[in-house]
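A.B. asks: One structure coming up, written as structure tokens, with questions to follow.
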Amino acid sequence: MKKLIAIATWILVLTLVAVAQSKEEREVLKFIADYDQAYLNQNISFAERVWADDYIFSAPDGTSQNRAKALQEARADFTNPKYKLLSFKSVNDSLQIRGNTAIASGSWSSSTVPMNDLHAEPHIDNGRYTMVLEKRNGNWMVIAEHNSEAPHDKKLMEAAVLRASKDYDRIIVQKDRAAYEKLFTDNYIGTQDGGKMRNKTEEIDHMVSADLKLETSITSDRKVTITGNSSAIETGTYTTTGISKDKPFTDKGRYTTVWVFREGRWQIAADHSSSLLQN
């Protein structure tokens, strides 16, 4: 009888431990779900509440940020966002709880569009994450995070850059200043024949000048090389016709364009062109 009671007691203890572990797991999984929702809603107060004083974030590029720096960047992004986060979801595939410490890891995915073009094709990112949590004063706190981003589909990236490049031809002919402002990065540099260089403002002023009227802009032999998840190099041949200072002209040459993905869209960081024929 005593043996049966001992066995029953042991089973009860194991059951209670299992229930306790399940409760902890449920708490952590609920915490991660709330964490995702707070990020999607750009709720900075949630991060302020759950990021521990010794919080450390490790980014995909190998840099790290402490709590103060991470909060500073998050506030800047949320206050003046360059892109709209359409969706964000993480899928946890590993959760280990040891006392007051929990380690969660899994995959994440997001979709975004530029704030100034909400009807643009969504940009998709995917990656992996690891999160370390610790229960302090009865509450789960994030003490460390690491995110990594998966390589993008190069074919899709090439197609997106080519679309942006073809739109550039339209902007050139239409002399669309607002479109130029979005197209060029703030630190844009254009290099012309003879080594002359123009910054963003100088390039736009030149392209929309009343002294210059471009009638056609045709690009051929386009080739795009993807150099990372957010950069690409385009080369090709251009032919333009128009009027410069009341004189007709035809210009043909080769170009190299450096594209970067910023603020939810492809932008031009640098251009270099060399003329092959000019009349």
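Identifiers in this document derive from the order of the structure tokens: chains are assigned A, B, ..., residues are numbered from 1 separately in each chain, and ligands are numbered from 1 in order of occurrence.
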Can you pull out the residues contacting A:Asp251? Cut-off 12 Å, using only C-alpha atoms, and skip same-chain residues under 3 positions away; I want them as a list in words.
C.D. replies: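 What passes the distance filter is Asp193, Leu214, Glu215, Thr216, Ser217, Ile218, Thr219, Thr237, Tyr238, Thr239, Thr240, Thr241, Gly242, Ile243, Ser244, Pro248, Arg254, Ser273, Ser274, Ser275, Leu276, Leu277, Gln278 and Asn279 of chain A.
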A.B. asks: With only C-alpha atoms as the counted atoms, please give the residues lying no more than 6 Å from stretch 47-53 of chain A, apart from itself and same-chain residues fewer than 2 positions off, as a PyMOL selection string.
C.D. replies: chain A and resi 44-45+55+141-143
A.B. asks: Take the residues just selected and output them with N, CA and C atoms as an mmCIF file, in the first residue's frame.
C.D. replies:
```cif
data_model
loop_
_atom_site.group_PDB
_atom_site.id
_atom_site.type_symbol
_atom_site.label_atom_id
_atom_site.label_comp_id
_atom_site.auth_asym_id
_atom_site.auth_seq_id
_atom_site.Cartn_x
_atom_site.Cartn_y
_atom_site.Cartn_z
ATOM 1 N N ILE A 44 6.673 51.476 -29.255
ATOM 2 C CA ILE A 44 7.961 51.632 -28.585
ATOM 3 C C ILE A 44 7.852 51.422 -27.086
ATOM 4 N N SER A 45 6.686 51.683 -26.508
ATOM 5 C CA SER A 45 6.522 51.531 -25.059
ATOM 6 C C SER A 45 6.687 50.072 -24.631
ATOM 7 N N TYR A 55 20.296 44.891 -21.930
ATOM 8 C CA TYR A 55 19.886 44.364 -23.231
ATOM 9 C C TYR A 55 20.948 44.636 -24.300
ATOM 10 N N MET A 141 11.950 39.348 -19.303
ATOM 11 C CA MET A 141 12.648 40.473 -19.905
ATOM 12 C C MET A 141 13.589 39.947 -20.995
ATOM 13 N N VAL A 142 13.748 40.739 -22.058
ATOM 14 C CA VAL A 142 14.672 40.368 -23.126
ATOM 15 C C VAL A 142 16.056 40.906 -22.765
ATOM 16 N N ILE A 143 17.037 40.013 -22.706
ATOM 17 C CA ILE A 143 18.389 40.465 -22.369
ATOM 18 C C ILE A 143 19.324 40.411 -23.575
#
```
A.B. asks: Hey, what's within 9 Å of A:Asn187 if we count only C-alpha atoms and toss same-chain stuff fewer than 2 positions away? As a VMD selection string, please?
C.D. replies: chain A and resid 184 to 185 189 199 to 200 269 to 270
A.B. asks: Since we have the selection now, will you write its residues out, keeping C-alpha atoms, as a PDB file, in the first residue's frame?
C.D. replies:
```pdb
ATOM      1  CA  PHE A 184      18.785  59.471 -55.858  1.00  0.00           C
ATOM      2  CA  THR A 185      20.242  58.825 -52.409  1.00  0.00           C
ATOM      3  CA  ILE A 189      27.527  61.185 -56.829  1.00  0.00           C
ATOM      4  CA  ASN A 199      26.071  65.728 -56.156  1.00  0.00           C
ATOM      5  CA  LYS A 200      22.355  65.053 -55.843  1.00  0.00           C
ATOM      6  CA  ALA A 269      23.904  55.953 -55.087  1.00  0.00           C
ATOM      7  CA  ALA A 270      26.347  56.580 -57.930  1.00  0.00           C
TER       8      ALA A 270
END
```
A.B. asks: Which is closest to A:Val208 among A:Arg136, A:Lys84, A:Lys223, A:Lys175, if we use only C-alpha atoms?
C.D. replies: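 Result for the nearest residue to A:Val208: A:Lys175.
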A.B. asks: Would you kindly return, as a PyMOL selection string, each protein, DNA or RNA residue with an atom no farther than 12 Å from any atom of A:Asp34, considering only C-alpha atoms and excluding same-chain residues fewer than 5 positions away?
C.D. replies: chain A and resi 27-29+39-43+46-47+50+88-90+140
A.B. asks: Please measure the separation of atom CA of A:Ser165 and atom CA of A:Thr250, giving the value in Å to one decimal.
C.D. replies: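 Computing the Euclidean distance for atom CA of A:Ser165 and atom CA of A:Thr250 yields 20.6 Å.
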A.B. asks: So that I can check the secondary structure, give me every residue of stretch 93-146 of chain A assigned strand (DSSP E) by backbone DSSP, as number ranges by chain.
C.D. replies: A: 93-98, 101-114, 123-136, 139-146
A.B. asks: So the first atom is atom CA of A:Ser231 and the second is atom CA of A:Ser107; what is the distance between them in Å, to one decimal place?
C.D. replies: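 Separating atom CA of A:Ser231 from atom CA of A:Ser107 is a distance of 23.4 Å.
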A.B. asks: From the list A:Tyr255, A:Asp211, A:Tyr180, A:Gln37, which residue is nearest A:Gln192 when using only C-alpha atoms?
C.D. replies: A:Tyr255
A.B. asks: Return the single residue from A:His123, A:Arg75, A:His146, A:Arg265 that is closest to A:Asp61, with distances computed using only C-alpha atoms.
C.D. replies: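 Looking at the shortest contact to A:Asp61, the residue is A:His146.
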A.B. asks: Would you work out the distance separating atom CA of A:Val260 from atom CA of A:Asn66, expressed in Å to one decimal?
C.D. replies: 27.1 Å
A.B. asks: Using only C-alpha atoms, which of the listed residues (A:Phe249, A:Tyr83, A:Glu121, A:Val91) sits closest to A:Arg163?
C.D. replies: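 Selected residue with least distance to A:Arg163: A:Glu121.
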